[in-house]
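Participant: The structure's right below; bear with me while I get my questions together.
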Amino acid sequence: MNKLYQIFTLLMLTAACSQAQEAKPKTFTRADTLRGSITPERAWWDVQRYDITVKPDYIAKTTSGQNIITYKVLNTQHVPAMQIDLQEPLNIDSILLDKKVALKYSRDGNAWHVQVPQQQSKGSEHVVTVYFSGKPHESTRPPWSGGWSFNQDSLKRPWMTVTCQGLGASIWYPCKDHQSDEPDRGASLSMIVPDTLVAVGNGRLQSQVKNADGTATYKWSVSNPINNYDIIPYIGKYVHFGETYAGEKGKLDLNYWVLDYNLPKAKTYMPHEVHQMLKAFEHWFGAYPFYEDGYKLVDVPHTGMEHQSAVAYGNWYKPGYRLRDGSGTGWGLKWDFIIVHESGHEWFGNNITSKDLADMWIHESFTNYSETLYVDYIFGKDAANAYNEGTRKGIHNDSPIIPAYGVNDQGSGDMYPKGGNMLHAIRHSIGNDELFRGIMRGLNKTFYHQTVTAKQIEDYISAKAGFDYSKVFKQYLQTTQLPALELRFNTNRTKVSYRWTNCISGFNLPLNLTNGSQPALKIYPGTTWKTIALKAGNEMLFDTAAITKMYYITAAIVK
Ligand SMILES: [Zn+2]
């Protein structure tokens with residue numbers, strides 16, 4: 001199996017919401033830097049809002065439209081050009097400043113340098129309207145690859161959407177394509193479609209207008225900050241039903257946009273699954289982060305994606321991940337993987353977003369772990385431990401979870417099950433589920449609607465847990481070594497010694513050992529031997545099978 005296929009298979013088994021890592025060489029190009037770093041042409045301005053219009057032509061597979069980008073000037077000193085991203089083969093046709101002045105621009109691959117006036121003062125707001133058209137890149141394997149999908153439903157009627165995580169939203173509309181800069185005041189998406197079709201977008205429907213030429217314009221909008229890759233058109237034979245959920249922050253609108261022929265099964269299937277998910281996740285993570293924009297599921301031809309307040313759903317109205325269970329335990333077949341996993345991203349990925357794609361583990365490790373926490377909430381701890389352990393068969397330990405920064409690189413698919421297992425280990429290490437839950441809720445409150453670095457997340461967890469977990473994060477995120485716990489008993493079993501091997505210098509994961517009947521015992525192994533006296537009942541806590549169920553490590557009794 002080649003690497004791409006391995007990763008693809010792994011992702012197919014463990015998660016469904018981002019594109020697989022393309023097998024690109026690890027030598028990075030100028031284009032990677034332009035795409036993945038805060039260039040001088042990006043640093044001086046801050047996106048406030050996107051107002052996007054798109055008109056797709058289903059037959060010709062072309063699109064045209066514009067993005068009105070409202071931005072704030074952060075720095076007037078030496079304002080260079082403005083970098084706008086739009087990927088080939090789409091083309092920018094013209095650019096207007098403040099809706100009147102035509103700007104000159106030049107192309108540097110997928111980045112465009114726009115000549116803006118130097119006299120824009122710090123703190124002032126302006127708009128650039130970027131008109132685009134062309135034959136956009138099509139996705140060959142959504143959601144794993146990015147681009148437009150000009151698909152059809154089972155009755156052979158048009159069904160269109162986009163997937164673009166990783167590859168970037170600039171594959172279909174012009175924007176500042178970097179995760180660190182979200183439009184602070186939200187975004188709107190207007191779609192001009194044949195009036196026989198219905199267009200659905202993120203957030204709330206603002207207007208629906210029939211045009212004289214047989215088209216209709218649907219305008220949707222979110223009021224909250226949103227990731228570029230989460231802004232998505234859905235166009236097809238959709239119908240709608242909705243309800244209200246009494247949630248932690250009050251009334252939450254739940255909306256379901258499904259193909260007309262799916263309506264009966266959607267009505268009996270979706271609300272229950274969504275209520276269970278919301279109960280579990282508001283318990284663990286706090287209030288759903290986008291009450292203002294509502295919660296929504298939208299039928300798609302692919303498996304699913306976490307598009308904010310418009311989660312893409314393609315799981316056949318069946319449990320598991322299209323009837324498969326990545327954990328192999330059976331626990332994954334008792335709930336809808338796509339509804340749980342993709343909605344989990346509303347907290348980790350959409351509410352809290354990594355600044356750099358290299359920290360995609362903040363999205364996928366926490367969301368993978370949200371599956372375990374869901375199982376814990378609905379089915380209990382034993383089920384959750386079994387599910388979490390079962391997902392380990394998807395771990396390859398082939399390359400680190402965190403790749404290079406600043407070049408839009410994406411790490412190993414291990415960010416899903418291994419990252420989830422790392423968080424499970426930290427949770428057991430803390431040994432206090434209420435404290436752990438407080439940390440999960442605290443993360444979502446402290447970094448509410450923010451983009452973050454890995455260090456911010458790691459430091460927060462360490463501070464609240466009262467232990468410096470930085471070496472633990474480094475071990476699991478930046479190496480492929482699986483830490484090994486060595487245990488050694490003296491001959492009359494009155495003492496036990498322990499140490500970590502196969503790990504980085506200073507690895508120090510504390511182990512809270514518990515078996516439900518004995519009082520818990522917390523030990524602090526290091527990379528040199530430590531010895532403690534065993535009290536009555538303590539020896540039973542050193543059962544290596546029980547330890548490795550809680551902690552993603554190996555454990556062995558050595559002479
Ligand atoms: Zn995911």
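We name chains A, B, ... following the order of the structure tokens; residues begin at 1 in each chain, and ligands are numbered from 1 as shown.
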For region 80-86 of chain A, find every residue with an atom within 9 Å (counting only C-alpha atoms), except residues of its own chain fewer than 3 positions away, and show them as a PyMOL selection string.

Facilitator: chain A and resi 34-35+39-42+44-45+77+89-92+105+109-118+130+132+169-177

Participant: What does the list of residues within 12 Å of ligand 1 look like if you count only C-alpha atoms and all ligand atoms, written as a ChimeraX atom specification?

Facilitator: /A:11-20,143-144,165-166,303-307,311-312,337-350,360-371,413-417,419-420

Participant: From the list A:Leu357, A:Val274, A:Ile232, A:Leu205, which residue is nearest Thr244 (chain A) when using only C-alpha atoms?

Facilitator: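 For Thr244 (chain A), the nearest of the candidates is A:Val274.
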
Participant: Excluding same-chain residues fewer than 4 positions from Lys296 (chain A), what lies within 7 Å of it counting only C-alpha atoms, as a ChimeraX atom specification?

Facilitator: /A:254-256,309-311

Participant: Considering only C-alpha atoms, return as a PDB file with all heavy atoms, in the first residue's frame whatever protein or nucleic-acid residues lie within 9 Å of region 257-261 of chain A, sequence-local ones (same chain, fewer than 4 positions apart) excluded.

Facilitator:
ATOM      1  N   ASP A 153     -28.295  13.568  -7.489  1.00  0.00           N
ATOM      2  CA  ASP A 153     -28.920  12.713  -6.483  1.00  0.00           C
ATOM      3  C   ASP A 153     -29.383  11.413  -7.147  1.00  0.00           C
ATOM      4  O   ASP A 153     -29.143  11.189  -8.336  1.00  0.00           O
ATOM      5  CB  ASP A 153     -30.039  13.467  -5.746  1.00  0.00           C
ATOM      6  CG  ASP A 153     -31.206  13.837  -6.644  1.00  0.00           C
ATOM      7  OD1 ASP A 153     -31.379  13.204  -7.712  1.00  0.00           O
ATOM      8  OD2 ASP A 153     -31.957  14.770  -6.293  1.00  0.00           O
ATOM      9  N   VAL A 200     -28.660  26.135   0.080  1.00  0.00           N
ATOM     10  CA  VAL A 200     -28.533  26.213   1.537  1.00  0.00           C
ATOM     11  C   VAL A 200     -27.103  26.626   1.877  1.00  0.00           C
ATOM     12  O   VAL A 200     -26.155  26.163   1.239  1.00  0.00           O
ATOM     13  CB  VAL A 200     -28.861  24.853   2.193  1.00  0.00           C
ATOM     14  CG1 VAL A 200     -28.791  24.950   3.712  1.00  0.00           C
ATOM     15  CG2 VAL A 200     -30.240  24.356   1.750  1.00  0.00           C
ATOM     16  N   GLY A 236     -29.423  21.811  -4.297  1.00  0.00           N
ATOM     17  CA  GLY A 236     -30.090  20.594  -4.760  1.00  0.00           C
ATOM     18  C   GLY A 236     -31.576  20.671  -4.492  1.00  0.00           C
ATOM     19  O   GLY A 236     -32.136  21.740  -4.249  1.00  0.00           O
ATOM     20  N   LYS A 237     -32.221  19.513  -4.498  1.00  0.00           N
ATOM     21  CA  LYS A 237     -33.672  19.429  -4.288  1.00  0.00           C
ATOM     22  C   LYS A 237     -33.945  19.290  -2.785  1.00  0.00           C
ATOM     23  O   LYS A 237     -34.407  18.245  -2.313  1.00  0.00           O
ATOM     24  CB  LYS A 237     -34.225  18.232  -5.058  1.00  0.00           C
ATOM     25  CG  LYS A 237     -34.247  18.460  -6.566  1.00  0.00           C
ATOM     26  CD  LYS A 237     -35.393  19.403  -6.937  1.00  0.00           C
ATOM     27  CE  LYS A 237     -35.647  19.396  -8.428  1.00  0.00           C
ATOM     28  NZ  LYS A 237     -36.757  20.318  -8.779  1.00  0.00           N
ATOM     29  N   TYR A 238     -33.627  20.362  -2.070  1.00  0.00           N
ATOM     30  CA  TYR A 238     -33.746  20.315  -0.612  1.00  0.00           C
ATOM     31  C   TYR A 238     -35.137  20.692  -0.126  1.00  0.00           C
ATOM     32  O   TYR A 238     -35.811  21.550  -0.714  1.00  0.00           O
ATOM     33  CB  TYR A 238     -32.740  21.285   0.025  1.00  0.00           C
ATOM     34  CG  TYR A 238     -31.305  20.811  -0.019  1.00  0.00           C
ATOM     35  CD1 TYR A 238     -30.387  21.408  -0.883  1.00  0.00           C
ATOM     36  CD2 TYR A 238     -30.862  19.770   0.795  1.00  0.00           C
ATOM     37  CE1 TYR A 238     -29.070  20.980  -0.926  1.00  0.00           C
ATOM     38  CE2 TYR A 238     -29.540  19.342   0.757  1.00  0.00           C
ATOM     39  CZ  TYR A 238     -28.642  19.946  -0.097  1.00  0.00           C
ATOM     40  OH  TYR A 238     -27.342  19.516  -0.140  1.00  0.00           O
ATOM     41  N   VAL A 239     -35.541  20.041   0.958  1.00  0.00           N
ATOM     42  CA  VAL A 239     -36.701  20.484   1.730  1.00  0.00           C
ATOM     43  C   VAL A 239     -36.246  20.642   3.176  1.00  0.00           C
ATOM     44  O   VAL A 239     -35.157  20.197   3.553  1.00  0.00           O
ATOM     45  CB  VAL A 239     -37.876  19.480   1.648  1.00  0.00           C
ATOM     46  CG1 VAL A 239     -38.441  19.431   0.231  1.00  0.00           C
ATOM     47  CG2 VAL A 239     -37.430  18.094   2.104  1.00  0.00           C
ATOM     48  N   HIS A 240     -37.084  21.261   3.959  1.00  0.00           N
ATOM     49  CA  HIS A 240     -36.668  21.668   5.299  1.00  0.00           C
ATOM     50  C   HIS A 240     -37.665  21.227   6.371  1.00  0.00           C
ATOM     51  O   HIS A 240     -38.866  21.233   6.150  1.00  0.00           O
ATOM     52  CB  HIS A 240     -36.541  23.203   5.325  1.00  0.00           C
ATOM     53  CG  HIS A 240     -36.483  23.778   6.709  1.00  0.00           C
ATOM     54  ND1 HIS A 240     -37.563  24.400   7.316  1.00  0.00           N
ATOM     55  CD2 HIS A 240     -35.479  23.814   7.612  1.00  0.00           C
ATOM     56  CE1 HIS A 240     -37.218  24.796   8.527  1.00  0.00           C
ATOM     57  NE2 HIS A 240     -35.968  24.461   8.740  1.00  0.00           N
ATOM     58  N   PHE A 241     -37.139  20.842   7.516  1.00  0.00           N
ATOM     59  CA  PHE A 241     -37.964  20.821   8.725  1.00  0.00           C
ATOM     60  C   PHE A 241     -37.096  21.298   9.881  1.00  0.00           C
ATOM     61  O   PHE A 241     -35.858  21.248   9.798  1.00  0.00           O
ATOM     62  CB  PHE A 241     -38.597  19.449   8.992  1.00  0.00           C
ATOM     63  CG  PHE A 241     -37.627  18.362   9.399  1.00  0.00           C
ATOM     64  CD1 PHE A 241     -37.490  17.999  10.731  1.00  0.00           C
ATOM     65  CD2 PHE A 241     -36.872  17.686   8.447  1.00  0.00           C
ATOM     66  CE1 PHE A 241     -36.610  16.991  11.116  1.00  0.00           C
ATOM     67  CE2 PHE A 241     -35.998  16.679   8.813  1.00  0.00           C
ATOM     68  CZ  PHE A 241     -35.863  16.327  10.147  1.00  0.00           C
ATOM     69  N   GLY A 242     -37.740  21.788  10.905  1.00  0.00           N
ATOM     70  CA  GLY A 242     -36.969  22.360  12.012  1.00  0.00           C
ATOM     71  C   GLY A 242     -37.660  22.146  13.337  1.00  0.00           C
ATOM     72  O   GLY A 242     -38.813  21.712  13.404  1.00  0.00           O
ATOM     73  N   LYS A 265     -37.585   9.632   6.446  1.00  0.00           N
ATOM     74  CA  LYS A 265     -36.615   8.968   7.334  1.00  0.00           C
ATOM     75  C   LYS A 265     -35.810   9.991   8.136  1.00  0.00           C
ATOM     76  O   LYS A 265     -35.428   9.728   9.277  1.00  0.00           O
ATOM     77  CB  LYS A 265     -35.730   7.992   6.576  1.00  0.00           C
ATOM     78  CG  LYS A 265     -34.847   8.553   5.507  1.00  0.00           C
ATOM     79  CD  LYS A 265     -34.077   7.406   4.828  1.00  0.00           C
ATOM     80  CE  LYS A 265     -33.390   7.920   3.572  1.00  0.00           C
ATOM     81  NZ  LYS A 265     -32.812   6.841   2.780  1.00  0.00           N
ATOM     82  N   ALA A 266     -35.557  11.157   7.540  1.00  0.00           N
ATOM     83  CA  ALA A 266     -34.831  12.196   8.281  1.00  0.00           C
ATOM     84  C   ALA A 266     -35.622  12.618   9.516  1.00  0.00           C
ATOM     85  O   ALA A 266     -35.053  12.805  10.601  1.00  0.00           O
ATOM     86  CB  ALA A 266     -34.578  13.405   7.382  1.00  0.00           C
ATOM     87  N   LYS A 296     -27.471  23.135  12.247  1.00  0.00           N
ATOM     88  CA  LYS A 296     -28.099  22.643  11.023  1.00  0.00           C
ATOM     89  C   LYS A 296     -27.365  21.415  10.489  1.00  0.00           C
ATOM     90  O   LYS A 296     -26.138  21.325  10.562  1.00  0.00           O
ATOM     91  CB  LYS A 296     -28.063  23.779   9.985  1.00  0.00           C
ATOM     92  CG  LYS A 296     -28.719  23.499   8.687  1.00  0.00           C
ATOM     93  CD  LYS A 296     -29.229  24.778   8.013  1.00  0.00           C
ATOM     94  CE  LYS A 296     -28.109  25.623   7.431  1.00  0.00           C
ATOM     95  NZ  LYS A 296     -27.866  26.862   8.106  1.00  0.00           N
ATOM     96  N   LEU A 297     -28.170  20.467   9.974  1.00  0.00           N
ATOM     97  CA  LEU A 297     -27.621  19.352   9.199  1.00  0.00           C
ATOM     98  C   LEU A 297     -28.095  19.495   7.765  1.00  0.00           C
ATOM     99  O   LEU A 297     -29.258  19.842   7.525  1.00  0.00           O
ATOM    100  CB  LEU A 297     -28.109  18.010   9.752  1.00  0.00           C
ATOM    101  CG  LEU A 297     -27.531  17.514  11.078  1.00  0.00           C
ATOM    102  CD1 LEU A 297     -28.215  16.206  11.492  1.00  0.00           C
ATOM    103  CD2 LEU A 297     -26.020  17.299  10.975  1.00  0.00           C
ATOM    104  N   VAL A 298     -27.200  19.218   6.825  1.00  0.00           N
ATOM    105  CA  VAL A 298     -27.541  19.334   5.400  1.00  0.00           C
ATOM    106  C   VAL A 298     -27.087  18.059   4.683  1.00  0.00           C
ATOM    107  O   VAL A 298     -25.916  17.668   4.778  1.00  0.00           O
ATOM    108  CB  VAL A 298     -26.842  20.558   4.754  1.00  0.00           C
ATOM    109  CG1 VAL A 298     -27.384  20.782   3.345  1.00  0.00           C
ATOM    110  CG2 VAL A 298     -27.000  21.816   5.597  1.00  0.00           C
ATOM    111  N   ASP A 299     -28.000  17.418   3.986  1.00  0.00           N
ATOM    112  CA  ASP A 299     -27.659  16.232   3.180  1.00  0.00           C
ATOM    113  C   ASP A 299     -26.568  16.548   2.156  1.00  0.00           C
ATOM    114  O   ASP A 299     -26.636  17.575   1.467  1.00  0.00           O
ATOM    115  CB  ASP A 299     -28.897  15.795   2.361  1.00  0.00           C
ATOM    116  CG  ASP A 299     -29.697  14.695   3.032  1.00  0.00           C
ATOM    117  OD1 ASP A 299     -29.218  14.116   4.013  1.00  0.00           O
ATOM    118  OD2 ASP A 299     -30.814  14.427   2.538  1.00  0.00           O
ATOM    119  N   VAL A 300     -25.595  15.641   2.048  1.00  0.00           N
ATOM    120  CA  VAL A 300     -24.564  15.788   1.007  1.00  0.00           C
ATOM    121  C   VAL A 300     -24.274  14.433   0.372  1.00  0.00           C
ATOM    122  O   VAL A 300     -24.555  13.387   0.964  1.00  0.00           O
ATOM    123  CB  VAL A 300     -23.235  16.356   1.567  1.00  0.00           C
ATOM    124  CG1 VAL A 300     -23.374  17.817   1.929  1.00  0.00           C
ATOM    125  CG2 VAL A 300     -22.733  15.525   2.734  1.00  0.00           C
TER     126      VAL A 300
END

Participant: Compare A:Val128, A:Ile378, A:Leu96, A:Ala31 by their minimum atom-to-atom distance to Asp409 (chain A), counting only C-alpha atoms, and give me the closest one.

Facilitator: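 Nearest to Asp409 (chain A): A:Ala31.
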
Participant: Expressed in Å to a single decimal, how great is the separation between CA of Tyr291 (chain A) and CA of Ile235 (chain A)?

Facilitator: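 That distance, rounded to one decimal, is 24.0 Å.
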
Participant: Using only C-alpha atoms, which of the listed residues (A:His302, A:His126, A:Lys267, A:Lys355) sits closest to Thr163 (chain A)?

Facilitator: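 That would be A:His302, the residue with the smallest distance to Thr163 (chain A).
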
Participant: Go through A:Arg157, A:Lys474, A:Arg49, A:Lys393 one by one, measure the shortest atom-to-atom distance of each to Phe507 (chain A) using only C-alpha atoms, and give the residue with the smallest value.

Facilitator: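 Closest residue, counting only C-alpha atoms: A:Lys474.
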
Participant: Quick check for you: according to DSSP on this backbone, which residues of region 189-323 of chain A are classed as strand (DSSP E)? Reply as JSON, numbers by chain.

Facilitator: {"A": [189, 190, 191, 192, 193, 194, 198, 199, 200, 204, 205, 206, 207, 208, 209, 210, 215, 216, 217, 218, 219, 220, 221, 222, 234, 235, 236, 238, 239, 240, 241, 242, 243, 244, 245, 246, 247, 250, 251, 252, 253, 254, 255, 256, 257, 258, 259, 295, 296, 297, 298, 299, 304, 305, 311, 312, 313]}

Participant: Ranking A:Pro289, A:Gly516, A:Gly406, A:Thr446 by minimum distance to Phe28 (chain A) and counting only C-alpha atoms, which one comes first?

Facilitator: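 Once distances to Phe28 (chain A) are computed over only C-alpha atoms, the minimum belongs to A:Gly406.
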
Participant: In region 149-260 of chain A, what's helix (DSSP H, G or I) per DSSP? Answer as a PyMOL selection string?

Facilitator: chain A and resi 169-171+228-230+260

Participant: Write out the residues from the selection above, keeping N, CA and C atoms, as a PDB file, in the first residue's frame.

Facilitator:
ATOM      1  N   ALA A 169     -10.104  27.399   1.130  1.00  0.00           N
ATOM      2  CA  ALA A 169     -11.308  27.968   0.529  1.00  0.00           C
ATOM      3  C   ALA A 169     -11.009  28.710  -0.760  1.00  0.00           C
ATOM      4  N   SER A 170      -9.752  29.133  -0.923  1.00  0.00           N
ATOM      5  CA  SER A 170      -9.407  29.851  -2.153  1.00  0.00           C
ATOM      6  C   SER A 170      -9.474  28.939  -3.368  1.00  0.00           C
ATOM      7  N   ILE A 171      -9.776  27.676  -3.160  1.00  0.00           N
ATOM      8  CA  ILE A 171     -10.025  26.784  -4.301  1.00  0.00           C
ATOM      9  C   ILE A 171     -11.335  27.170  -4.987  1.00  0.00           C
ATOM     10  N   ASN A 228     -12.652  29.974   6.954  1.00  0.00           N
ATOM     11  CA  ASN A 228     -12.845  30.065   5.500  1.00  0.00           C
ATOM     12  C   ASN A 228     -13.403  28.770   4.919  1.00  0.00           C
ATOM     13  N   TYR A 229     -12.822  27.639   5.388  1.00  0.00           N
ATOM     14  CA  TYR A 229     -13.196  26.354   4.763  1.00  0.00           C
ATOM     15  C   TYR A 229     -14.558  25.856   5.210  1.00  0.00           C
ATOM     16  N   ASP A 230     -15.148  26.544   6.184  1.00  0.00           N
ATOM     17  CA  ASP A 230     -16.488  26.150   6.647  1.00  0.00           C
ATOM     18  C   ASP A 230     -17.610  26.822   5.863  1.00  0.00           C
ATOM     19  N   ASP A 260     -35.614  15.902  -0.859  1.00  0.00           N
ATOM     20  CA  ASP A 260     -37.057  15.681  -0.686  1.00  0.00           C
ATOM     21  C   ASP A 260     -37.397  14.222  -0.388  1.00  0.00           C
TER      22      ASP A 260
END

Participant: For Ala520 (chain A), which residue out of A:Gly537, A:Gly320, A:Pro233, A:Gly328 is the nearest one, using only C-alpha atoms?

Facilitator: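 Ranking A:Gly537, A:Gly320, A:Pro233, A:Gly328 by distance to Ala520 (chain A), first place goes to A:Gly537.
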
Participant: For Tyr460 (chain A), please output as a ChimeraX atom specification all residues within 8 Å (counting only C-alpha atoms; exclusion window: fewer than 4 positions along the same chain).

Facilitator: /A:443,456,464

Participant: Residues at most 7 Å from region 496-499 of chain A, counting only C-alpha atoms, excluding those fewer than 2 positions away in the same chain, as a PyMOL selection string?

Facilitator: chain A and resi 485-490+501+525-534
